[in-house]
Amino acid sequence: MSLADIRREYLGEPLSEARSDPNPMRQFSMWFEQVRDIEADPTAMALATATPGGRPSVRTVLLKAMDDRGFVFYTNYRSRKANEMEATGRASLLFYWGSLERQVRIDGAVERVSPADADAYFETRPPDSRLSVYASRQSERIESRDALEEAFERAKRTYGDGPVPRPDWWGGYRVVPDEFEFWQGRVSRLHDRLRYVKLDDGEWRRERLAP
């Protein structure tokens, strides 16, 4: 079977203006509640960034907080994604929830979360996850897997059974949305797409896009 022959029909529920919320944050929360217990990784989201010259990159990260201000994830401030966000001030997120044949794209500006918020989240991580932050110089070349595991063991010896503080080069980013797109798979590839664009007065304009 060729790749072109791999296909299936999408049979999702209709996404209409009448059935969607005028506020995209509330619409997102409603969809998230519907998938959180049926998706294996409901908080997994693709994070797309780009260099100032326009070279894109994308990877999967985990959503760790959301509210009216935006969507928060955590990372090493020296990583490739952090360098690109710091340079451009922008990022794009994509959630794909195959169980309900849905995806949500979110574009926006990025900002660092407060040190207090980063500290509070860091304390919730399992001990080994806190230690791994010290073992991994994210996005840098390393000699081998053995070198990574040796760095982890050194971190364990350094902190022992004591507290593991959050390093100042690790913390959170918030994507502050100015555009959403909600996609619902439908029959015959006539998918539903609703885009929300934030206006200068802070209100949201909702519009339907052709699939």
# chains A, B, ... in the order shown; residues from 1 in each chain; ligands from 1
>>> residues_around(residues="range 104-117 of chain A", least_positions_apart="6", cutoff="8 Å", atoms="only C-alpha atoms", output="PyMOL selection string")
chain A and resi 28+72+85+89-96+171-183
>>> closest_atom_pairs(of="range 9-83 of chain A", to="range 135-144 of chain A", cutoff="12 Å", atoms="only C-alpha atoms", output="CSV")
residue,atom,partner,partner_atom,distance
A:Arg59,CA,A:Ser139,CA,12.0
A:Thr75,CA,A:Gln138,CA,8.7
A:Asn76,CA,A:Gln138,CA,6.5
A:Tyr77,CA,A:Gln138,CA,8.9
A:Arg78,CA,A:Gln138,CA,7.1
A:Ser79,CA,A:Gln138,CA,5.3
A:Arg80,CA,A:Ser139,CA,6.1
A:Lys81,CA,A:Ser139,CA,8.9
A:Ala82,CA,A:Ser139,CA,10.2
A:Asn83,CA,A:Ser139,CA,10.6
>>> write_last_selection(atoms="C-alpha atoms", output="CSV table (one decimal), in the first residue's frame")
chain,number,residue,atom,x,y,z
A,59,ARG,CA,8.9,20.1,19.0
A,75,THR,CA,12.1,24.7,29.6
A,76,ASN,CA,15.8,25.5,29.8
A,77,TYR,CA,16.3,29.3,29.0
A,78,ARG,CA,19.4,28.3,27.1
A,79,SER,CA,17.7,25.9,24.7
A,80,ARG,CA,17.1,26.4,21.0
A,81,LYS,CA,13.4,27.1,21.5
A,82,ALA,CA,14.1,29.6,24.2
A,83,ASN,CA,16.8,31.4,22.1
>>> atom_distance(atom1="CA of Arg189 in chain A", atom2="CA of Gly98 in chain A")
15.4 Å
>>> closest_residue(among="A:Arg102, A:Ala65, A:Trp169, A:Ser132", to="Ala120 in chain A", atoms="only C-alpha atoms")
A:Ala65
>>> closest_residue(among="A:Ile6, A:Leu209, A:Leu194, A:Leu100", to="Asp21 in chain A", atoms="only C-alpha atoms")
A:Leu194
>>> closest_residue(among="A:Ile38, A:Leu131, A:Met25, A:Ala18", to="Asp161 in chain A", atoms="only C-alpha atoms")
A:Leu131
>>> atom_distance(atom1="CA of Arg8 in chain A", atom2="CA of Arg193 in chain A")
19.0 Å
>>> atom_distance(atom1="CA of Asp146 in chain A", atom2="CA of Asp128 in chain A")
16.9 Å
>>> closest_atom_pairs(of="range 4-104 of chain A", to="range 197-205 of chain A", cutoff="10 Å", atoms="only C-alpha atoms", output="CSV")
residue,atom,partner,partner_atom,distance
A:Pro22,CA,A:Trp204,CA,7.4
A:Asn23,CA,A:Trp204,CA,6.8
A:Pro24,CA,A:Trp204,CA,7.9
>>> write_last_selection(atoms="all heavy atoms", output="mmCIF file, in the first residue's frame")
data_model
loop_
_atom_site.group_PDB
_atom_site.id
_atom_site.type_symbol
_atom_site.label_atom_id
_atom_site.label_comp_id
_atom_site.auth_asym_id
_atom_site.auth_seq_id
_atom_site.Cartn_x
_atom_site.Cartn_y
_atom_site.Cartn_z
ATOM 1 N N PRO A 22 -18.124 32.458 22.147
ATOM 2 C CA PRO A 22 -17.514 33.651 21.551
ATOM 3 C C PRO A 22 -16.122 33.946 22.078
ATOM 4 O O PRO A 22 -15.353 34.664 21.437
ATOM 5 C CB PRO A 22 -18.489 34.780 21.910
ATOM 6 C CG PRO A 22 -19.776 34.096 22.216
ATOM 7 C CD PRO A 22 -19.407 32.772 22.797
ATOM 8 N N ASN A 23 -15.789 33.405 23.255
ATOM 9 C CA ASN A 23 -14.465 33.606 23.844
ATOM 10 C C ASN A 23 -13.614 32.361 23.587
ATOM 11 O O ASN A 23 -13.975 31.265 24.024
ATOM 12 C CB ASN A 23 -14.589 33.861 25.344
ATOM 13 C CG ASN A 23 -13.248 34.150 25.991
ATOM 14 O OD1 ASN A 23 -12.373 33.306 26.018
ATOM 15 N ND2 ASN A 23 -13.101 35.350 26.526
ATOM 16 N N PRO A 24 -12.482 32.476 22.898
ATOM 17 C CA PRO A 24 -11.707 31.285 22.544
ATOM 18 C C PRO A 24 -11.092 30.575 23.740
ATOM 19 O O PRO A 24 -10.880 29.361 23.683
ATOM 20 C CB PRO A 24 -10.630 31.832 21.601
ATOM 21 C CG PRO A 24 -10.497 33.269 21.967
ATOM 22 C CD PRO A 24 -11.873 33.705 22.350
#
>>> select_by_dssp(residues="chain A", states="helix (DSSP H, G or I)", output="JSON, numbers by chain")
{"A": [3, 4, 5, 24, 25, 26, 27, 28, 29, 30, 31, 32, 33, 34, 35, 80, 81, 82, 83, 84, 85, 86, 87, 88, 98, 99, 100, 115, 116, 117, 118, 119, 120, 121, 122, 123, 124, 127, 128, 129, 130, 131, 132, 133, 134, 135, 145, 146, 147, 148, 149, 150, 151, 152, 153, 154, 155, 156, 157, 158, 159, 187, 188, 189]}
>>> closest_residue(among="A:Tyr10, A:Phe122, A:Trp97, A:Trp31", to="Tyr74 in chain A", atoms="only C-alpha atoms")
A:Phe122
>>> select_by_dssp(residues="range 13-47 of chain A", states="strand (DSSP E)", output="list in words")
Ala44, Met45, Ala46 and Leu47 of chain A
>>> write_last_selection(atoms="all heavy atoms", output="PDB file, in the first residue's frame")
ATOM      1  N   ALA A  44      -0.107  17.500  25.696  1.00  0.00           N
ATOM      2  CA  ALA A  44       0.976  17.564  24.701  1.00  0.00           C
ATOM      3  C   ALA A  44       0.626  18.564  23.613  1.00  0.00           C
ATOM      4  O   ALA A  44      -0.483  18.554  23.078  1.00  0.00           O
ATOM      5  CB  ALA A  44       1.227  16.188  24.106  1.00  0.00           C
ATOM      6  N   MET A  45       1.575  19.428  23.300  1.00  0.00           N
ATOM      7  CA  MET A  45       1.331  20.445  22.268  1.00  0.00           C
ATOM      8  C   MET A  45       2.607  20.669  21.476  1.00  0.00           C
ATOM      9  O   MET A  45       3.711  20.683  22.026  1.00  0.00           O
ATOM     10  CB  MET A  45       0.861  21.764  22.898  1.00  0.00           C
ATOM     11  CG  MET A  45       1.779  22.345  23.954  1.00  0.00           C
ATOM     12  SD  MET A  45       1.025  23.778  24.780  1.00  0.00           S
ATOM     13  CE  MET A  45       2.424  24.318  25.819  1.00  0.00           C
ATOM     14  N   ALA A  46       2.450  20.817  20.180  1.00  0.00           N
ATOM     15  CA  ALA A  46       3.586  21.169  19.336  1.00  0.00           C
ATOM     16  C   ALA A  46       3.874  22.651  19.522  1.00  0.00           C
ATOM     17  O   ALA A  46       2.956  23.474  19.482  1.00  0.00           O
ATOM     18  CB  ALA A  46       3.278  20.864  17.883  1.00  0.00           C
ATOM     19  N   LEU A  47       5.134  22.973  19.738  1.00  0.00           N
ATOM     20  CA  LEU A  47       5.582  24.362  19.894  1.00  0.00           C
ATOM     21  C   LEU A  47       6.456  24.714  18.703  1.00  0.00           C
ATOM     22  O   LEU A  47       7.523  24.129  18.504  1.00  0.00           O
ATOM     23  CB  LEU A  47       6.361  24.519  21.194  1.00  0.00           C
ATOM     24  CG  LEU A  47       7.150  25.822  21.356  1.00  0.00           C
ATOM     25  CD1 LEU A  47       6.201  27.013  21.509  1.00  0.00           C
ATOM     26  CD2 LEU A  47       8.119  25.732  22.532  1.00  0.00           C
TER      27      LEU A  47
END
>>> closest_residue(among="A:Glu13, A:Glu84, A:Glu150, A:Asp168", to="Ser57 in chain A", atoms="only C-alpha atoms")
A:Glu84
